[in-house]
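What follows is the content of entry.txt (compact mmCIF, C-alpha atoms and all ligand atoms).
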```
# COMPACT_ATOMS: atom_id res chain seq x y z
CA MET A 1 -26.01 -20.70 1.60
CA ILE A 2 -23.90 -19.11 4.33
CA ARG A 3 -22.48 -21.42 6.97
CA ARG A 4 -23.12 -20.56 10.62
CA GLU A 5 -19.36 -20.56 11.19
CA ILE A 6 -18.95 -17.73 8.67
CA VAL A 7 -21.84 -15.74 10.14
CA TYR A 8 -20.14 -16.10 13.54
CA LEU A 9 -16.77 -14.87 12.21
CA VAL A 10 -18.34 -11.90 10.45
CA ASP A 11 -20.26 -10.93 13.60
CA LYS A 12 -17.08 -11.27 15.65
CA ALA A 13 -15.17 -9.06 13.20
CA LYS A 14 -17.95 -6.49 13.14
CA SER A 15 -17.87 -6.29 16.92
CA GLY A 16 -14.20 -5.29 16.68
CA GLU A 17 -12.74 -8.47 18.13
CA PHE A 18 -9.49 -9.83 16.64
CA LEU A 19 -9.76 -13.04 14.63
CA ASP A 20 -7.13 -15.70 15.30
CA ARG A 21 -5.09 -17.47 12.60
CA GLU A 22 -7.55 -20.30 12.13
CA GLU A 23 -10.49 -17.92 11.84
CA MET A 24 -8.66 -15.72 9.36
CA ALA A 25 -7.75 -18.77 7.28
CA ALA A 26 -11.44 -19.77 7.14
CA LEU A 27 -12.23 -16.41 5.54
CA PHE A 28 -9.35 -16.53 3.02
CA ASP A 29 -10.36 -20.09 2.05
CA ILE A 30 -13.90 -19.21 0.96
CA ALA A 31 -14.40 -19.97 -2.74
CA PRO A 32 -14.79 -17.03 -5.14
CA PHE A 33 -18.14 -16.10 -6.66
CA THR A 34 -20.13 -17.60 -3.80
CA ALA A 35 -22.72 -16.17 -1.43
CA GLU A 36 -20.14 -16.39 1.38
CA SER A 37 -17.59 -14.37 -0.59
CA ALA A 38 -20.24 -11.72 -1.32
CA TYR A 39 -21.24 -11.82 2.36
CA ILE A 40 -17.74 -11.08 3.66
CA GLN A 41 -17.17 -8.36 1.04
CA HIS A 42 -20.41 -6.70 2.09
CA ALA A 43 -19.36 -6.87 5.75
CA ALA A 44 -15.92 -5.43 4.92
CA ARG A 45 -17.52 -2.50 3.14
CA GLU A 46 -19.86 -1.97 6.07
CA ILE A 47 -16.96 -1.84 8.55
CA SER A 48 -14.83 0.45 6.36
CA SER A 49 -17.70 2.85 5.75
CA LYS A 50 -18.54 2.94 9.44
CA VAL A 51 -15.02 3.54 10.77
CA SER A 52 -14.16 6.19 8.18
CA SER A 53 -17.54 7.95 7.95
CA ASN A 54 -17.71 6.63 4.39
CA THR A 55 -14.82 8.92 3.41
CA ALA A 56 -12.12 7.80 1.00
CA GLU A 57 -8.75 9.31 0.11
CA VAL A 58 -6.69 9.68 -3.04
CA HIS A 59 -2.97 9.39 -2.44
CA ALA A 60 -0.41 10.30 -5.08
CA HIS A 61 2.63 8.25 -6.14
CA VAL A 62 5.45 10.29 -7.68
CA GLY A 63 8.19 7.95 -8.92
CA ILE A 64 11.44 9.89 -9.08
CA ASN A 65 13.96 7.53 -10.71
CA VAL A 66 14.51 4.42 -12.81
CA GLY A 67 17.39 1.97 -13.11
CA PRO A 68 18.53 -1.54 -12.23
CA CYS A 69 18.24 -2.23 -8.48
CA VAL A 70 20.46 -4.86 -6.86
CA ARG A 71 17.90 -5.60 -4.13
CA ASN A 72 16.37 -7.82 -6.81
CA CYS A 73 12.81 -8.15 -5.60
CA LYS A 74 11.78 -10.46 -8.41
CA TRP A 75 8.30 -9.00 -8.94
CA CYS A 76 9.67 -5.47 -9.55
CA SER A 77 10.48 -4.00 -12.95
CA PHE A 78 13.56 -2.31 -11.43
CA ALA A 79 15.08 -5.58 -10.20
CA ALA A 80 18.44 -5.87 -12.00
CA VAL A 81 17.72 -9.53 -12.63
CA ASN A 82 14.65 -8.60 -14.70
CA LYS A 83 16.70 -6.50 -17.15
CA VAL A 84 13.88 -4.00 -17.86
CA PHE A 85 15.75 -0.78 -17.13
CA ALA A 86 19.40 -0.91 -18.23
CA GLN A 87 20.20 2.74 -17.54
CA ALA A 88 19.79 4.69 -14.31
CA GLY A 89 18.00 8.02 -14.54
CA VAL A 90 16.58 10.57 -12.10
CA MET A 91 13.79 13.02 -12.82
CA PRO A 92 15.08 16.63 -12.61
CA ILE A 93 14.23 18.21 -9.25
CA GLU A 94 12.15 20.95 -10.89
CA GLU A 95 10.04 18.27 -12.56
CA ILE A 96 9.63 16.31 -9.30
CA VAL A 97 8.44 19.48 -7.58
CA ARG A 98 6.12 20.33 -10.48
CA ARG A 99 4.49 16.91 -10.41
CA CYS A 100 4.08 16.95 -6.61
CA ARG A 101 2.50 20.40 -6.75
CA LYS A 102 0.21 19.33 -9.55
CA MET A 103 -0.98 16.33 -7.52
CA GLU A 104 -1.52 18.62 -4.52
CA GLN A 105 -3.46 21.16 -6.60
CA ASN A 106 -5.56 18.39 -8.10
CA GLY A 107 -6.67 17.38 -4.63
CA ALA A 108 -4.45 14.43 -3.64
CA ASN A 109 -4.73 13.93 0.13
CA ALA A 110 -1.10 12.76 0.50
CA ILE A 111 1.97 12.86 -1.75
CA TYR A 112 4.42 9.93 -1.85
CA LEU A 113 7.97 10.28 -3.14
CA VAL A 114 8.90 6.85 -4.49
CA ALA A 115 12.54 5.89 -5.12
CA THR A 116 14.26 2.63 -6.01
CA GLY A 117 16.07 0.70 -3.29
CA THR A 118 19.56 1.92 -4.05
CA PHE A 119 18.80 5.61 -4.51
CA PRO A 120 21.49 7.68 -2.70
CA PHE A 121 20.25 8.72 0.73
CA GLY A 122 21.83 12.20 0.74
CA ARG A 123 20.28 13.08 -2.60
CA LEU A 124 16.94 11.77 -1.35
CA LEU A 125 17.07 14.14 1.64
CA GLU A 126 17.75 17.08 -0.68
CA ILE A 127 14.76 16.16 -2.84
CA ILE A 128 12.48 15.78 0.20
CA GLN A 129 13.55 19.19 1.49
CA GLU A 130 12.96 20.86 -1.85
CA VAL A 131 9.54 19.24 -2.32
CA ARG A 132 8.53 20.10 1.24
CA ARG A 133 9.51 23.75 0.68
CA ASN A 134 7.22 23.88 -2.34
CA LEU A 135 4.15 22.21 -0.82
CA SER A 136 1.62 23.62 1.60
CA PRO A 137 2.91 23.04 5.17
CA ASP A 138 -0.10 20.86 6.01
CA THR A 139 0.22 18.64 2.93
CA VAL A 140 1.07 15.10 4.01
CA LEU A 141 4.41 14.02 2.47
CA ILE A 142 5.35 10.33 2.55
CA GLY A 143 8.42 8.34 1.46
CA ASN A 144 8.31 4.95 -0.23
CA ILE A 145 12.01 4.19 -0.13
CA ASP A 146 14.74 1.74 0.84
CA ASP A 147 15.30 0.40 4.35
CA PHE A 148 16.87 2.86 6.79
CA THR A 149 18.40 3.13 10.26
CA LEU A 150 17.02 5.04 13.22
CA LYS A 151 19.46 7.89 12.58
CA GLU A 152 18.31 8.06 8.98
CA ALA A 153 14.67 7.96 10.10
CA TYR A 154 15.24 11.13 12.13
CA ALA A 155 16.93 12.74 9.10
CA LEU A 156 13.95 11.85 6.91
CA ARG A 157 11.57 13.35 9.42
CA ASP A 158 13.67 16.50 9.77
CA ALA A 159 13.85 16.84 5.97
CA GLY A 160 10.06 17.03 5.88
CA LEU A 161 8.51 13.58 5.65
CA ASN A 162 5.40 12.87 7.74
CA GLY A 163 5.60 9.14 7.25
CA VAL A 164 6.77 6.19 5.18
CA TYR A 165 5.13 3.34 3.35
CA HIS A 166 6.93 0.09 4.18
CA ALA A 167 5.97 -3.57 4.04
CA VAL A 168 7.25 -7.06 4.67
CA ARG A 169 6.41 -8.29 1.21
CA LEU A 170 5.19 -11.82 0.50
CA ARG A 171 8.18 -14.18 0.30
CA GLU A 172 10.46 -11.41 1.55
CA GLY A 173 14.03 -12.70 1.78
CA ILE A 174 13.18 -15.55 -0.60
CA GLU A 175 12.18 -13.65 -3.72
CA SER A 176 13.96 -10.50 -2.63
CA SER A 177 17.45 -10.12 -1.17
CA ILE A 178 16.16 -8.21 1.86
CA PRO A 179 15.83 -10.11 5.17
CA VAL A 180 12.44 -9.88 6.90
CA GLU A 181 14.17 -8.62 10.05
CA LYS A 182 15.60 -5.66 8.13
CA ARG A 183 12.13 -4.64 6.95
CA LEU A 184 10.80 -4.91 10.50
CA ALA A 185 13.74 -2.91 11.87
CA THR A 186 12.98 -0.12 9.41
CA MET A 187 9.36 -0.06 10.56
CA ARG A 188 10.51 0.20 14.18
CA ALA A 189 12.95 2.98 13.30
CA ALA A 190 10.23 4.94 11.50
CA ARG A 191 7.85 4.79 14.43
CA GLU A 192 10.55 5.59 16.96
CA ALA A 193 11.53 8.70 15.00
CA GLY A 194 7.93 9.88 14.85
CA LEU A 195 7.25 8.95 11.24
CA ALA A 196 3.79 7.47 10.65
CA LEU A 197 3.81 4.09 8.93
CA GLY A 198 1.55 2.74 6.18
CA THR A 199 1.64 -0.85 4.97
CA CYS A 200 -0.34 -3.59 3.25
CA VAL A 201 -0.36 -7.21 2.11
CA GLU A 202 1.55 -7.24 -1.16
CA PRO A 203 2.32 -8.14 -3.92
CA VAL A 204 -0.30 -10.90 -4.03
CA GLY A 205 -0.01 -13.49 -6.80
CA PRO A 206 -1.86 -16.71 -7.60
CA GLU A 207 0.79 -18.88 -5.92
CA HIS A 208 0.46 -17.38 -2.45
CA THR A 209 -1.13 -19.73 0.06
CA THR A 210 -3.72 -19.04 2.73
CA GLY A 211 -1.00 -19.48 5.35
CA GLU A 212 1.17 -16.81 3.71
CA LEU A 213 -1.75 -14.40 3.44
CA VAL A 214 -2.64 -14.93 7.10
CA GLU A 215 0.92 -14.25 8.31
CA ALA A 216 1.23 -11.14 6.11
CA THR A 217 -2.14 -9.88 7.39
CA ILE A 218 -0.99 -10.30 10.99
CA ILE A 219 2.22 -8.36 10.39
CA ALA A 220 0.30 -5.60 8.60
CA ARG A 221 -2.28 -5.19 11.37
CA GLU A 222 0.20 -5.43 14.24
CA CYS A 223 3.24 -3.50 13.02
CA GLY A 224 2.02 -0.11 14.16
CA ALA A 225 0.82 1.10 10.76
CA VAL A 226 -1.98 3.58 10.19
CA TYR A 227 -3.45 1.54 7.33
CA SER A 228 -3.39 -1.90 5.77
CA GLY A 229 -4.87 -3.29 2.56
CA CYS A 230 -4.05 -5.40 -0.45
CA MET A 231 -2.02 -4.90 -3.62
CA ARG A 232 -2.04 -7.53 -6.30
CA ARG A 233 1.16 -8.21 -8.20
CA ILE A 234 1.26 -6.79 -11.70
CA ALA A 235 3.08 -9.21 -13.98
CA VAL A 236 6.25 -7.75 -15.48
CA PRO A 237 6.37 -9.41 -18.93
CA ASP A 238 9.10 -11.98 -19.68
CA THR A 239 10.20 -12.38 -16.07
CA GLU A 240 10.30 -15.48 -13.89
CA VAL A 241 7.68 -14.20 -11.47
CA GLY A 242 5.61 -12.48 -14.16
CA LYS A 243 5.11 -15.84 -15.86
CA ARG A 244 3.16 -17.03 -12.81
CA GLY A 245 0.38 -14.65 -13.82
CA MET A 246 -1.89 -12.49 -11.71
CA ILE A 247 -4.93 -12.85 -9.49
CA ASN A 248 -8.07 -11.26 -10.88
CA GLU A 249 -9.82 -8.38 -9.15
CA ALA A 250 -12.55 -10.68 -7.87
CA ARG A 251 -9.93 -12.68 -5.93
CA GLN A 252 -8.21 -9.48 -4.80
CA ALA A 253 -11.52 -8.09 -3.51
CA HIS A 254 -12.13 -11.29 -1.55
CA ILE A 255 -8.63 -11.12 -0.02
CA LEU A 256 -9.12 -7.46 0.81
CA ALA A 257 -12.40 -8.26 2.58
CA ALA A 258 -10.73 -11.01 4.63
CA ILE A 259 -7.99 -8.53 5.60
CA ARG A 260 -10.55 -5.86 6.59
CA LEU A 261 -12.43 -8.35 8.76
CA SER A 262 -9.16 -9.47 10.38
CA THR A 263 -7.97 -5.95 11.18
CA GLN A 264 -8.77 -3.69 14.14
CA HIS A 265 -11.40 -0.98 13.59
CA GLU A 266 -9.02 1.73 14.79
CA MET A 267 -7.28 1.24 11.46
CA ILE A 268 -9.66 3.35 9.37
CA GLY A 269 -7.72 3.04 6.10
CA MET A 270 -7.77 0.08 3.71
CA CYS A 271 -5.68 0.45 0.57
CA TRP A 272 -5.89 -1.22 -2.82
CA HIS A 273 -3.66 -1.14 -5.85
CA GLU A 274 -4.13 -0.55 -8.74
CA PRO A 275 -7.30 1.59 -8.73
CA SER A 276 -10.58 -0.06 -9.78
CA VAL A 277 -14.20 -0.16 -8.65
CA ALA A 278 -13.95 -3.70 -7.23
CA GLY A 279 -11.79 -2.48 -4.31
CA PRO A 280 -13.96 0.36 -2.95
CA LEU A 281 -17.05 -1.81 -3.33
CA ALA A 282 -15.42 -4.21 -0.85
CA GLY A 283 -14.27 -1.55 1.62
CA VAL A 284 -11.22 0.14 0.12
CA ASN A 285 -10.75 3.82 0.94
CA ILE A 286 -7.15 4.48 -0.17
CA MET A 287 -6.10 4.31 -3.83
CA TRP A 288 -3.27 5.98 -5.69
CA ALA A 289 -2.98 8.37 -8.59
CA GLU A 290 0.43 7.81 -10.20
CA THR A 291 3.08 9.65 -12.15
CA GLY A 292 6.75 9.02 -12.97
CA SER A 293 8.47 5.67 -12.50
CA SER A 294 6.67 2.59 -11.16
CA PRO A 295 7.86 -0.89 -10.15
CA ARG A 296 4.78 -2.24 -11.95
CA ASP A 297 5.57 -0.62 -15.29
CA THR A 298 8.10 -1.12 -18.04
CA HIS A 299 7.71 2.49 -19.21
CA GLU A 300 9.74 5.10 -17.34
CA ASP A 301 6.71 7.33 -16.87
CA CYS A 302 3.52 5.55 -15.81
CA GLU A 303 1.57 8.76 -16.36
CA ARG A 304 1.66 7.78 -20.03
CA THR A 305 0.63 4.18 -19.45
CA ARG A 306 -1.14 2.60 -16.47
CA GLY A 307 -1.09 5.53 -14.01
CA ARG A 308 -4.42 7.14 -13.09
CA THR A 309 -5.02 10.82 -12.39
CA VAL A 310 -6.53 12.15 -9.16
CA ALA A 311 -9.75 12.92 -11.05
CA GLU A 312 -9.94 9.37 -12.37
CA VAL A 313 -9.49 7.87 -8.90
CA ARG A 314 -12.14 10.22 -7.50
CA ARG A 315 -14.48 9.06 -10.23
CA ILE A 316 -13.86 5.41 -9.31
CA TYR A 317 -14.81 6.17 -5.70
CA TRP A 318 -17.98 7.87 -6.92
CA GLU A 319 -18.90 4.76 -8.86
CA ALA A 320 -18.60 2.76 -5.62
CA GLY A 321 -20.54 5.20 -3.48
CA TRP A 322 -17.76 6.83 -1.44
CA LYS A 323 -17.30 10.47 -0.48
CA VAL A 324 -13.76 11.70 -1.11
CA LEU A 325 -11.91 13.78 1.47
CA ASP A 326 -10.98 17.36 0.65
CA GLY A 327 -7.71 18.42 2.27
CA PRO A 328 -4.81 16.63 3.96
CA SER A 329 -5.14 12.93 4.71
CA LEU A 330 -6.96 12.04 7.91
CA ILE A 331 -5.84 8.42 7.70
CA TRP A 332 -2.15 9.32 7.91
CA LYS A 333 -2.92 11.48 10.95
CA SER A 334 -5.36 9.03 12.52
CA GLY A 335 -2.97 7.78 15.19
CA ALA A 336 -4.01 4.18 14.46
CA GLY A 337 -0.32 3.28 14.46
CA LYS A 338 -0.18 3.75 18.22
CA LEU A 339 -2.05 0.47 18.44
CA GLN A 340 1.05 -1.55 17.77
CA ARG A 341 0.82 -5.04 19.17
CA LYS A 342 3.32 -7.77 19.73
CA VAL A 343 4.61 -8.66 16.26
CA VAL A 344 7.06 -5.91 15.39
S1 LIG A 401 11.04 -3.25 -4.92
FE1 LIG A 401 12.44 -1.53 -4.44
S2 LIG A 401 14.22 -2.54 -3.45
FE2 LIG A 401 13.08 -4.16 -4.55
S3 LIG A 401 14.07 -4.30 -6.59
FE3 LIG A 401 12.33 -2.88 -6.77
S4 LIG A 401 13.23 -0.84 -6.43
FE4 LIG A 401 14.71 -2.35 -5.65
```
Whole structure, structure tokens version:
Amino acid sequence: MIRREIVYLVDKAKSGEFLDREEMAALFDIAPFTAESAYIQHAAREISSKVSSNTAEVHAHVGINVGPCVRNCKWCSFAAVNKVFAQAGVMPIEEIVRRCRKMEQNGANAIYLVATGTFPFGRLLEIIQEVRRNLSPDTVLIGNIDDFTLKEAYALRDAGLNGVYHAVRLREGIESSIPVEKRLATMRAAREAGLALGTCVEPVGPEHTTGELVEATIIARECGAVYSGCMRRIAVPDTEVGKRGMINEARQAHILAAIRLSTQHEMIGMCWHEPSVAGPLAGVNIMWAETGSSPRDTHEDCERTRGRTVAEVRRIYWEAGWKVLDGPSLIWKSGAGKLQRKVV
């Protein structure tokens, strides 16, 4: 049984109209494993397939260092407070370049250099320059790094980045030491310097309320990013936040669908982490292959543990009926970020 109210909201979302807070909350509040949950996931898939010509992308995460990070985002394995990585270590530059090139050769549509929050900025610029020199000029190169100023944003762009992934994470400033305003300022700096911005609602755990998910969805859709999406929190064992557990993929798929329906159609990308079939079935068209360090792993090289290869992610898309793009990311170059609204 599908309530008329839900049919109305789905039709409104399909027409491209923005849902307000109350309407978004009604979607997030639908119970799992119901006809209404299946209905909104089907609609989310329909919108995603339509706006992206049913074309998905594989992005590549290359984690370049490990070590305790004083930013102390409590969900992250690098948070000093979690005591997972006692020693700092950086992957040799030749190895970073080799892994980026391998991802590129294997068909990744964008390469992300991922560093912990306190990684030295000057060294980061050198690594970006070296990686850029060794990639095809049209390969999309992205940074997933610490907060930065406008001056630093220009330096990142000049070193060879096309964009950055950045998010106001759930309970930012409460379960991390980073103020929300600092995250927003970094997003503004990126856009002002001409760096494209990607974001999503993350890291979702079982304790997050409908109200929190709604506010995070609004920031993600209105911050000027080229894509949004949903990442569930991976529990780091024996940590305060890890003990709260995880949402299952069924819940994550429902949340993702509510986000898709709440987000403007110009945003053709919807991301999901970590890769699985449940996401693309509900409208996901960005997932990551991973190598090197990861804030979700306790091993220094996720390639040997939970990281997926490009081929594996492509296979997951095939299972869910998506075509996969050949060549540089269209989502990163989509210009959807020009549709910034009032929030950031
Ligand atoms: S998420 Fe980033 S900034 Fe936060 S603790 Fe982990 S590495 Fe540091």
Using all atoms listed in the file, I'd like a table of the residues in chain A that come within 6 Å of ligand LIG 401 (chain A); for each, show the closest atom pair and its distance in Å rounded to one decimal, ordered by chain and ascending number, as CSV.
```
residue,atom,partner,partner_atom,distance
A:Cys69,CA,A:LIG401,FE4,4.5
A:Arg71,CA,A:LIG401,S3,4.7
A:Asn72,CA,A:LIG401,S3,4.2
A:Cys73,CA,A:LIG401,FE2,4.1
A:Cys76,CA,A:LIG401,FE3,4.6
A:Phe78,CA,A:LIG401,FE3,4.9
A:Ala79,CA,A:LIG401,S3,4.0
A:Thr116,CA,A:LIG401,S4,3.6
A:Gly117,CA,A:LIG401,S2,3.7
A:Pro295,CA,A:LIG401,FE3,5.9
```
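Comparing the minimum interatomic distances between Arg244 of chain A and each of A:Met103, A:Val204, A:Ala225, A:Ile218, counting only C-alpha atoms, we find that A:Val204 sits nearest.
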| request: Measuring atom to atom with all atoms listed in the file, identify which of A:Pro32, A:Pro328, A:Gly307, A:Pro237 is nearest to Gln252 of chain A. | output: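 When distances to Gln252 of chain A are compared using all atoms listed in the file, the smallest one comes from A:Pro32.
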| message | I'd like the contact shell of Glu274 of chain A - 8 Å cut-off, all atoms listed in the file, skipping same-chain residues fewer than 5 positions apart - returned as a count of residues only. | response | 4
Which residues, protein or nucleic acid, reach to within 7 Å of (-17.8, 9.2, -0.5) in the file's coordinates when using all atoms listed in the file, and can you give that as a PDB file with C-alpha atoms, keeping the file's coordinate frame?
```pdb
ATOM      1  CA  ASN A  54     -17.710   6.630   4.390  1.00  0.00           C
ATOM      2  CA  THR A  55     -14.820   8.920   3.410  1.00  0.00           C
ATOM      3  CA  ALA A  56     -12.120   7.800   1.000  1.00  0.00           C
ATOM      4  CA  TYR A 317     -14.810   6.170  -5.700  1.00  0.00           C
ATOM      5  CA  TRP A 318     -17.980   7.870  -6.920  1.00  0.00           C
ATOM      6  CA  GLY A 321     -20.540   5.200  -3.480  1.00  0.00           C
ATOM      7  CA  TRP A 322     -17.760   6.830  -1.440  1.00  0.00           C
ATOM      8  CA  LYS A 323     -17.300  10.470  -0.480  1.00  0.00           C
ATOM      9  CA  VAL A 324     -13.760  11.700  -1.110  1.00  0.00           C
TER      10      VAL A 324
END
```
| query | Counting all atoms listed in the file, which of A:Pro120, A:Ile111, A:Trp75, A:Arg21 gets nearest to Arg99 of chain A? | reply |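 With all atoms listed in the file as the atom set, the closest residue is A:Ile111.
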| request: Go through A:Val140, A:Ala159, A:Ile219, A:Leu27 one by one, measure the shortest atom-to-atom distance of each to Gly122 of chain A using only C-alpha atoms, and give the residue with the smallest value. | output: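 Answer, going by the shortest atom-to-atom distance: A:Ala159.
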| request: Name the closest residue to Asn162 of chain A among the candidates A:Val214, A:Cys200, A:Leu195, A:Met187; distances are taken between atoms, counting all atoms listed in the file. | output: A:Leu195
| task | For each of A:Thr291, A:Ser53, A:Thr305, A:Gln129, take the minimum atom-to-atom distance to Lys102 of chain A, counting only C-alpha atoms, then give the residue where this is smallest. | result | A:Thr291
Please identify every residue of segment 190-271 of chain A that has at least one atom no farther than 12 Å from an atom of segment 57-63 of chain A, counting only C-alpha atoms, and for each give the shortest atom pair and the distance in Å to one decimal, arranged by chain then increasing number, as JSON lines.
```
{"residue": "A:Gly198", "atom": "CA", "partner": "A:His59", "partner_atom": "CA", "distance": 11.8}
{"residue": "A:Tyr227", "atom": "CA", "partner": "A:Glu57", "partner_atom": "CA", "distance": 11.9}
{"residue": "A:Ile268", "atom": "CA", "partner": "A:Glu57", "partner_atom": "CA", "distance": 11.0}
{"residue": "A:Gly269", "atom": "CA", "partner": "A:Glu57", "partner_atom": "CA", "distance": 8.7}
{"residue": "A:Met270", "atom": "CA", "partner": "A:Glu57", "partner_atom": "CA", "distance": 10.0}
{"residue": "A:Cys271", "atom": "CA", "partner": "A:Glu57", "partner_atom": "CA", "distance": 9.4}
```
| field | Residue neighbourhood Lys74 of chain A, 12 Å, all atoms listed in the file, exclusion window fewer than 6 positions, as a PyMOL selection string | value | chain A and resi 68+80-84+169-178+203+233-244+295-296
Close residues, Asn144 of chain A itself excluded, 8 Å, all atoms listed in the file, min 2 positions apart in chain, as an mmCIF file with C-alpha atoms, keeping the file's coordinate frame:
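The resulting file, result07.cif, is reproduced below:
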```
data_model
loop_
_atom_site.group_PDB
_atom_site.id
_atom_site.type_symbol
_atom_site.label_atom_id
_atom_site.label_comp_id
_atom_site.auth_asym_id
_atom_site.auth_seq_id
_atom_site.Cartn_x
_atom_site.Cartn_y
_atom_site.Cartn_z
ATOM 1 C CA TYR A 112 4.420 9.930 -1.850
ATOM 2 C CA LEU A 113 7.970 10.280 -3.140
ATOM 3 C CA VAL A 114 8.900 6.850 -4.490
ATOM 4 C CA ALA A 115 12.540 5.890 -5.120
ATOM 5 C CA ILE A 142 5.350 10.330 2.550
ATOM 6 C CA ASP A 146 14.740 1.740 0.840
ATOM 7 C CA VAL A 164 6.770 6.190 5.180
ATOM 8 C CA TYR A 165 5.130 3.340 3.350
ATOM 9 C CA HIS A 166 6.930 0.090 4.180
#
```
| Residue neighbourhood Ile30 of chain A, 10 Å, all atoms listed in the file, exclusion window fewer than 4 positions, as a list of chain:residue names |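 Residues meeting the cut-off are A:Ile6, A:Ala25, A:Ala26, A:Thr34, A:Ala35, A:Glu36, A:Ser37, A:Ile40, A:His254, A:Ile255, A:Ala258.
Proximity to Pro280 of chain A at 10 Å, evaluated using all atoms listed in the file and with sequence-adjacent residues fewer than 2 positions away removed, yields Ala44, Arg45, Ser48, Ser49, Ala56, Ala253, Leu256, Met270, Cys271, Trp272, Pro275, Ser276, Val277, Ala278, Ala282, Gly283, Val284, Asn285, Ile286, Met287, Ile316, Tyr317, Trp318, Glu319, Ala320, Gly321 and Trp322 of chain A.
With atom CA of Ile259 of chain A on one side and atom CA of Arg314 of chain A on the other, the separation reads 23.2 Å.
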